[in-house]
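Trainee: Dropping a structure here in C-alpha cells format, bear with me for questions.
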There are 2 protein chains.
Amino acid sequence: MVNVAILGFGVVGSGVAEVLTGTGEGIRRKADDLLALKYILDVRKFPDSPFAPCFVQDFSVIENDPEVQVVVETIGGMGAALDFTERALKAGKSVVTSNKELVATHGRRLLALAAEHQAVYLFEASVGGGIPVLRPLSECMAANAILEICGILNGTANYIFTRMVQDDIPFEQALKDAQAKGYAEQDPSADVEGKDTCRKLCILSSIAFGWHLLPEQVPTRGITQITLADEAYAAACGRRIKLLGRAIAREDGTVCPYVEPHFVSQEDPLGGVEDVFNAILVKGDATGDVMFYGKGAGKLPTASAVVADVIAAARKLERASYRPWAPNRPEAVASPDTLATQWYVRLAQGELAGERLTIPQAQAGESGWLTPAMTRPELDRALAGKDVLAVIRVLD
Amino acid sequence: MVNVAILGFGVVGSGVAEVLTGTGEGIRRKADDLLALKYILDVRKFPDSPFAPCFVQDFSVIENDPEVQVVVETIGGMGAALDFTERALKAGKSVVTSNKELVATHGRRLLALAAEHQAVYLFEASVGGGIPVLRPLSECMAANAILEICGILNGTANYIFTRMVQDDIPFEQALKDAQAKGYAEQDPSADVEGKDTCRKLCILSSIAFGWHLLPEQVPTRGITQITLADEAYAAACGRRIKLLGRAIAREDGTVCPYVEPHFVSQEDPLGGVEDVFNAILVKGDATGDVMFYGKGAGKLPTASAVVADVIAAARKLERASYRPWAPNRPEAVASPDTLATQWYVRLAQGELAGERLTIPQAQAGESGWLTPAMTRPELDRALAGKDVLAVIRVLD
C-alpha cells in the first residue's frame with residue numbers, strides 16, 4: 001500500500017481526493033488499489049467532508065510520517081507550495097503537482113532535488129490539464145529532435161475568442177461570461193495577459209529541449225487588445241484568432257520562444273480548436289506534426305492527470321522521472337523579432353503594401369491588411385508614421 | 001551500451017536503423033548515446049548499405065548473443081515474426097515491434113511471455129505510426145475508467161476519402177492515386193476492407209479495458225462501397241465520411257467494438273482529419289475527450305516510435321511494460337446492433353421517415369435520408385421492401 005498526502009483542498013486538491021478514492025460524481029472506479037489517501041493538509045476545517053479524518057493543519061505531520069511516499073501539491077503559487085515541496089523531496093517523498101508557476105520557475109532545481117533524494121517530481125497536470133503531453137513528449141517522442149512546440153495552452157483565452165466570434169460580443173463581455181461560468185478567475189490577468197500560457201510554454205520547452213527556459217525570457221503579449229473588428233478581418237481571410245505559445249528550435253541550436261495572439265487558418269488543426277479546449281502541436285524531425293487535444297482545465301481532468309502521476313510515482317519511483325533539465329542558457333534564447341511571417345494590420349486610415357481585407361462593418365477610413373512575410377522590425381519600419389490600430393502575427 | 005538487433009530491413013526496419021544511428025535524411029541527431037545497432041537480420045544482402053557489417057541471415061546468431069538486449073521485429077505478418085519474437089523473449093531479450101497483426105492476435109500471450117522472462121514487449125508503433133497513444137493511454141490516463149475509443153486509424157482509407165471529396169473522383173480512381181503515391185499496397189484489402197483498422201482497435205481496446213479483444217470479435221465493414229453520391233449527401237448535411245474503429249464501454253461492463261464508415265460532423269474534431277492523418281479520440285470518465293493526432297504511417301514516423309520504445313526498453317526494462325492483458329472475454333463483447341444512432345440511407349426510389357437530403361447531382365428517383373436514432377435491426381425493418389443503395393451510420 002502506498003500512502004498519499006494532499007496539500008491544499010481547493011478545486012484540484014478535492015478532485016484528486018475524489019479520483020484517488022473513486023468517490024467523485026461520474027467516477028466509475030477507484031484509480032488504483034495500491035493507493036491510500038492518508039492526509040489532507042489545509043488551514044481550513046472541513047468537518048462535513050467524507051475525508052474529514054484525513055485533515056491535518058501542520059505539514060510536519062506529513063513530513064515526518066515515513067509511511068507517506070507521495071505528496072500531492074495543489075496549493076498553487078510560490079510560497080508554501082515551494083517550501084513544502086522542498087521539504088517533502090528532502091524527506092525522500094515523491095511530489096506530484098499541477099502548479100505551473102512553481103515548475104516553470106523552479107523546475108530544474110526541484111527535479112535535481114528529487115533525483116538527489118531518490119524521489120520523483122512529476123507535473124503532467126501543469127500543462128494541458130487532463131491531456132497527456134509531457135510524458136508523451138519526453139518518452140514517446142524521445143527518438144525525435146523536437147523542431148517546434150506550438151500550442152493553444154490557455155482555455156480561458158480560447159473560450160473568450162470563441163464567445164466573441166460566435167456571439168458577436170466584445171472582449172470585456174466575453175470575459176465576464178467566462179468569469180460567470182467559472183472559467184476565468186476574478187483576477188483574470190494571468191489568463192488574458194498570457195502569463196499562464198508563458199509558464200506552460202516554459203515547461204514544454206524545457207522538456208523538449210532539455211534546458212530550463214525561464215518565464216522572463218519569453219516575450220509575452222496577451223489578448224486584451226483584440227476587438228470584434230480584428231475577429232471579423234480574421235474571418236474575412238479564412239482565419240481565427242488564437243493565443244499561441246511557440247518555441248521554435250533553430251538550426252544554430254537556439255530556441256525562439258514567445259507568446260502572442262495569431263491569425264490561424266481555419267484549415268489548420270489548431271484553427272478548429274474552440275471553447276475551453278487546448279491543443280499542443282509538436283513537430284519532430286522524424287515523426288512530423290503530432291497534436292494533443294482535450295480540455296485544458298477543470299477539476300476532474302486536472303485531478304485525473306495528477307493521480308496518473310501518483311500511480312506512476314507509486315509504481316515505478318525513480319524510473320518515472322523526467323530527464324534532468326540542464327541550466328538555463330541565456331545565449332540560446334532567440335528573439336521573435338528575427339522571425340519573418342505575414343502580419344495582419346488594421347489602420348485607422350491610409351494604405352499598406354499587401355492584401356487588403358474587407359468586412360461589411362468597417363468603420364469609415366479603417367482598413368485591414370495582410371502583409372508579405374517580414375520581421376517585426378521590418379514591419380515597424382513599414383508602419384512608421386501610420387495610424388495603426390492593431391497588429392497580429394499570422395501563423396504560416 | 002545497449003545492443004540492438006533489427007529483424008527485417010524493409011521500409012520500417014531501415015528507418016529504425018537510420019533513426020537509431022542518426023544517419024537518416026532530415027534526422028538531426030542520434031536517438032540515444034546508449035544504443036548501438038549490432039545486427040540486422042534479412043534474407044536479402046545489402047552490400048552497399050552503410051549498415052552492411054551488421055547483416056546476418058541466421059536468427060540464432062542474435063538469439064545466442066548475450067550482448068543483444070533489445071530486438072526490433074519489423075518483419076510483419078505472423079510466420080517468422082511470431083517465431084523470432086517468442087525465441088527472443090524466451091532468451092530474455094526485450095522485443096519492440098510495429099506489427100499490428102501479431103500484437104492484435106497474440107499480444108496477450110507475448111506480453112505474458114515477456115514478463116515471465118523479465119523482458120518487455122512494446123508496440124507503440126503498431127497504432128497511429130508516430131503518434132504517441134498507447135503509452136499515454138496506459139500510463140497518463142491510468143486514473144480514468146475509459147468510456148470509449150473512437151479513431152481514424154487507417155491513413156490510406158482517409159486519404160482515399162479526402163481525394164474523392166477534394167478532386168471529385170470515384171473510389172477506384174482515388175485508390176489508384178493512393179497506390180501511385182505509395183500510401184496503399186498493391187493488395188489494398190487490409191486497408192480498404194477495414195482489417196487494419198480492426199487490428200489497431202483490438203490493441204487500443206485491450207490496453208484501455210485490460211482484456212484481450214480479438215479481431216474476429218469485431219464486426220468490420222470497409223469503404224469499398226462508398227460512392228461520390230454518398231460523399232455529396234454527407235456534405236449536404238455538414239458531414240464527412242470517415243472510417244472509424246470504435247470500442248464503447250457500457251455500464252454493464254461489456255464492450256461494444258466495431259469498424260465501419262460513419263457520417264462525421266465537420267464540427268467534430270474527427271471530422272476535420274484529412275489526408276493520411278490519423279486521430280484517436282479517447283473518452284475518460286474524469287478527463288473527458290482527449291484526442292491524439294498525427295501522421296499514422298510512413299517510414300520515419302513509425303521508425304521513431306519504434307526507437308522510442310527501444311529507448312524505454314533499454315533504460316527501464318520491465319518498468320516500461322504495458323500492464324498484462326486478462327484473457328479474452330467472449331461474454332463481454334456487445335454487438336453494434338444494440339447501438340441506436342441516426343443513419344444515412346440512399347434509396348433508388350421511394351421515401352423514408354426522417355430528414356430528406358438534397359444534392360444537385362442526384363440521379364433520377366434517387367434520394368438521401370437521415371433517419372431518427374434507431375438500432376440496425378430497427379433500421380432493417382424500416383427498410384424492408386425498399387430499394388436501398390447505401391446505409392452509413394451517423395456519429396452522434
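Residues in the C-alpha cells are numbered from 1 in each chain, the chains being A, B, ... in the order shown, and ligands are numbered from 1 in the order shown.
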For the helix (DSSP H, G or I) assignment from backbone DSSP, which residues of stretch 354-387 of chain A qualify? Please present them as a PyMOL selection string.

Mentor: chain A and resi 376-383

Trainee: Keeping only N, CA and C atoms, write the selected residues as a short mmCIF file (atom, residue, chain, number, x, y, z; two decimals), in the first residue's frame.

Mentor:
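File part_3.cif, as written:
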```cif
data_model
loop_
_atom_site.label_atom_id
_atom_site.label_comp_id
_atom_site.auth_asym_id
_atom_site.auth_seq_id
_atom_site.Cartn_x
_atom_site.Cartn_y
_atom_site.Cartn_z
N ARG A 376 9.31 41.63 -37.41
CA ARG A 376 8.62 42.71 -36.73
C ARG A 376 9.35 44.05 -36.90
N PRO A 377 10.69 44.11 -36.78
CA PRO A 377 11.35 45.40 -37.04
C PRO A 377 11.09 45.91 -38.46
N GLU A 378 11.08 45.00 -39.45
CA GLU A 378 10.76 45.43 -40.82
C GLU A 378 9.34 45.98 -40.89
N LEU A 379 8.42 45.31 -40.21
CA LEU A 379 7.04 45.78 -40.20
C LEU A 379 6.95 47.16 -39.56
N ASP A 380 7.63 47.32 -38.43
CA ASP A 380 7.56 48.61 -37.73
C ASP A 380 8.07 49.74 -38.63
N ARG A 381 9.11 49.45 -39.42
CA ARG A 381 9.58 50.48 -40.35
C ARG A 381 8.51 50.79 -41.40
N ALA A 382 7.84 49.73 -41.90
CA ALA A 382 6.79 49.94 -42.92
C ALA A 382 5.61 50.72 -42.34
N LEU A 383 5.40 50.61 -41.02
CA LEU A 383 4.25 51.26 -40.40
C LEU A 383 4.58 52.65 -39.84
#
```

Trainee: Write out as a list in words each polymer residue whose atoms come within 8 Å of stretch 83-86 of chain A, counting only C-alpha atoms; drop sequence neighbours fewer than 6 positions from it.

Mentor: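 Skipping anything fewer than 6 positions along the chain leaves Phe59, Glu73, Val95, Leu110 and Leu113 of chain A.
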
Trainee: Mind dumping the selected residues with C-alpha atoms as a short mmCIF file (atom, residue, chain, number, x, y, z; two decimals), in the first residue's frame?

Mentor:
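out-v5.cif was written with the following content:
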```cif
data_model
loop_
_atom_site.label_atom_id
_atom_site.label_comp_id
_atom_site.auth_asym_id
_atom_site.auth_seq_id
_atom_site.Cartn_x
_atom_site.Cartn_y
_atom_site.Cartn_z
CA PHE A 59 2.86 19.97 7.39
CA GLU A 73 0.96 19.70 -4.02
CA VAL A 95 5.93 15.09 -5.22
CA LEU A 110 13.24 20.66 -7.85
CA LEU A 113 16.48 17.78 -5.59
#
```

Trainee: Extract, using only C-alpha atoms, all DNA, RNA and protein residues at most 7 Å from A:Pro301, discarding same-chain residues fewer than 5 positions from it, and format them as a ChimeraX atom specification.

Mentor: /A:129-130 /B:286-288

Trainee: For a quick test of understanding: name the residues of chain B lying within 6 Å of chain A when counting only C-alpha atoms, and present them as a list of chain:residue names.

Mentor: B:Ile27, B:Ala31, B:Gly130, B:Pro132, B:Pro136, B:Cys140, B:Ala142, B:Ala143, B:Asp285, B:Ala286, B:Thr287, B:Asp289, B:Val290, B:Met291, B:Phe292, B:Tyr293, B:Gly294, B:Leu300, B:Pro301, B:Ser304, B:Val307, B:Ala308

Trainee: Find the spatial neighbours of stretch 363-368 of chain A, counting only C-alpha atoms, within a cut-off of 12 Å - ignore same-chain residues fewer than 4 positions away - and output them as JSON, numbers by chain.

Mentor: {"A": [228, 229, 230, 231, 232, 233, 234, 235, 236, 237, 343, 344, 345, 346, 347, 348, 349, 350, 351, 352, 353, 354, 355, 356, 357, 358, 359, 386, 387, 388, 389, 390, 391, 392]}

Trainee: Can you write just those residues out, N, CA, C and O atoms, as a tab-separated table (two decimals), in the first residue's frame?

Mentor:
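That gives us part13.tsv:
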```
chain	number	residue	atom	x	y	z
A	228	LEU	N	-13.65	43.04	-31.88
A	228	LEU	CA	-14.51	42.32	-32.83
A	228	LEU	C	-14.13	42.62	-34.27
A	228	LEU	O	-14.28	41.77	-35.15
A	229	ALA	N	-13.62	43.83	-34.52
A	229	ALA	CA	-13.18	44.16	-35.88
A	229	ALA	C	-12.02	43.23	-36.29
A	229	ALA	O	-11.98	42.73	-37.42
A	230	ASP	N	-11.09	43.00	-35.37
A	230	ASP	CA	-9.98	42.09	-35.67
A	230	ASP	C	-10.50	40.68	-35.99
A	230	ASP	O	-10.03	40.02	-36.92
A	231	GLU	N	-11.46	40.22	-35.19
A	231	GLU	CA	-12.05	38.90	-35.45
A	231	GLU	C	-12.73	38.86	-36.83
A	231	GLU	O	-12.64	37.87	-37.54
A	232	ALA	N	-13.39	39.95	-37.19
A	232	ALA	CA	-14.07	39.99	-38.48
A	232	ALA	C	-13.06	39.96	-39.63
A	232	ALA	O	-13.26	39.26	-40.64
A	233	TYR	N	-11.96	40.70	-39.48
A	233	TYR	CA	-10.92	40.65	-40.52
A	233	TYR	C	-10.29	39.26	-40.60
A	233	TYR	O	-9.94	38.77	-41.68
A	234	ALA	N	-10.14	38.60	-39.46
A	234	ALA	CA	-9.60	37.22	-39.48
A	234	ALA	C	-10.54	36.31	-40.27
A	234	ALA	O	-10.10	35.57	-41.16
A	235	ALA	N	-11.83	36.42	-39.98
A	235	ALA	CA	-12.80	35.58	-40.70
A	235	ALA	C	-12.78	35.88	-42.19
A	235	ALA	O	-12.95	34.99	-43.03
A	236	ALA	N	-12.55	37.17	-42.53
A	236	ALA	CA	-12.56	37.58	-43.94
A	236	ALA	C	-11.45	36.92	-44.74
A	236	ALA	O	-11.53	36.84	-45.97
A	237	CYS	N	-10.40	36.44	-44.06
A	237	CYS	CA	-9.34	35.72	-44.79
A	237	CYS	C	-9.25	34.26	-44.34
A	237	CYS	O	-8.19	33.64	-44.43
A	343	TRP	N	1.80	39.46	-41.54
A	343	TRP	CA	1.17	40.17	-40.43
A	343	TRP	C	-0.20	40.68	-40.87
A	343	TRP	O	-0.38	41.07	-42.03
A	344	TYR	N	-1.12	40.69	-39.93
A	344	TYR	CA	-2.38	41.41	-40.10
A	344	TYR	C	-2.21	42.78	-39.46
A	344	TYR	O	-1.71	42.89	-38.33
A	345	VAL	N	-2.61	43.82	-40.19
A	345	VAL	CA	-2.53	45.19	-39.68
A	345	VAL	C	-3.88	45.87	-39.90
A	345	VAL	O	-4.48	45.74	-40.97
A	346	ARG	N	-4.35	46.57	-38.87
A	346	ARG	CA	-5.57	47.38	-39.04
A	346	ARG	C	-5.18	48.83	-38.90
A	346	ARG	O	-4.55	49.23	-37.91
A	347	LEU	N	-5.50	49.62	-39.93
A	347	LEU	CA	-5.15	51.04	-39.95
A	347	LEU	C	-6.39	51.91	-39.76
A	347	LEU	O	-7.47	51.57	-40.26
A	348	ALA	N	-6.24	53.03	-39.04
A	348	ALA	CA	-7.34	53.99	-38.89
A	348	ALA	C	-7.59	54.72	-40.21
A	348	ALA	O	-8.72	55.10	-40.53
A	349	GLN	N	-6.50	54.88	-40.95
A	349	GLN	CA	-6.64	55.47	-42.29
A	349	GLN	C	-5.37	55.17	-43.07
A	349	GLN	O	-4.37	54.75	-42.51
A	350	GLY	N	-5.42	55.40	-44.37
A	350	GLY	CA	-4.24	55.18	-45.20
A	350	GLY	C	-4.20	53.77	-45.76
A	350	GLY	O	-5.14	52.99	-45.59
A	351	GLU	N	-3.09	53.46	-46.43
A	351	GLU	CA	-2.95	52.18	-47.11
A	351	GLU	C	-1.62	51.53	-46.76
A	351	GLU	O	-0.76	52.14	-46.14
A	352	LEU	N	-1.48	50.27	-47.19
A	352	LEU	CA	-0.29	49.49	-46.85
A	352	LEU	C	-0.04	48.53	-48.01
A	352	LEU	O	-0.98	48.10	-48.68
A	353	ALA	N	1.24	48.18	-48.24
A	353	ALA	CA	1.53	47.18	-49.25
A	353	ALA	C	1.07	45.82	-48.75
A	353	ALA	O	1.34	45.46	-47.61
A	354	GLY	N	0.35	45.07	-49.60
A	354	GLY	CA	-0.13	43.75	-49.19
A	354	GLY	C	-1.56	43.53	-49.66
A	354	GLY	O	-2.09	44.29	-50.48
A	355	GLU	N	-2.18	42.49	-49.09
A	355	GLU	CA	-3.54	42.13	-49.49
A	355	GLU	C	-4.53	42.88	-48.62
A	355	GLU	O	-4.47	42.80	-47.39
A	356	ARG	N	-5.45	43.59	-49.26
A	356	ARG	CA	-6.46	44.31	-48.49
A	356	ARG	C	-7.62	43.39	-48.13
A	356	ARG	O	-8.12	42.64	-48.96
A	357	LEU	N	-8.04	43.44	-46.89
A	357	LEU	CA	-9.18	42.63	-46.43
A	357	LEU	C	-10.38	43.54	-46.29
A	357	LEU	O	-10.25	44.69	-45.88
A	358	THR	N	-11.55	43.00	-46.60
A	358	THR	CA	-12.75	43.84	-46.46
A	358	THR	C	-13.77	43.15	-45.57
A	358	THR	O	-13.98	41.94	-45.64
A	359	ILE	N	-14.40	43.96	-44.73
A	359	ILE	CA	-15.51	43.48	-43.90
A	359	ILE	C	-16.63	44.48	-44.03
A	359	ILE	O	-16.39	45.69	-44.19
A	386	LYS	N	2.23	55.79	-39.68
A	386	LYS	CA	0.84	55.45	-39.97
A	386	LYS	C	0.04	55.33	-38.67
A	386	LYS	O	0.60	55.13	-37.59
A	387	ASP	N	-1.25	55.45	-38.81
A	387	ASP	CA	-2.15	55.40	-37.65
A	387	ASP	C	-2.61	53.95	-37.45
A	387	ASP	O	-3.61	53.52	-38.03
A	388	VAL	N	-1.84	53.20	-36.67
A	388	VAL	CA	-2.02	51.74	-36.57
A	388	VAL	C	-2.94	51.40	-35.40
A	388	VAL	O	-2.69	51.80	-34.27
A	389	LEU	N	-4.00	50.65	-35.66
A	389	LEU	CA	-4.95	50.24	-34.62
A	389	LEU	C	-4.66	48.84	-34.07
A	389	LEU	O	-4.94	48.56	-32.91
A	390	ALA	N	-4.11	47.97	-34.91
A	390	ALA	CA	-3.86	46.60	-34.46
A	390	ALA	C	-2.81	45.94	-35.33
A	390	ALA	O	-2.75	46.20	-36.54
A	391	VAL	N	-1.99	45.10	-34.70
A	391	VAL	CA	-1.00	44.27	-35.41
A	391	VAL	C	-1.05	42.88	-34.81
A	391	VAL	O	-0.92	42.71	-33.60
A	392	ILE	N	-1.28	41.86	-35.65
A	392	ILE	CA	-1.32	40.47	-35.17
A	392	ILE	C	-0.53	39.59	-36.13
A	392	ILE	O	-0.69	39.68	-37.36
```
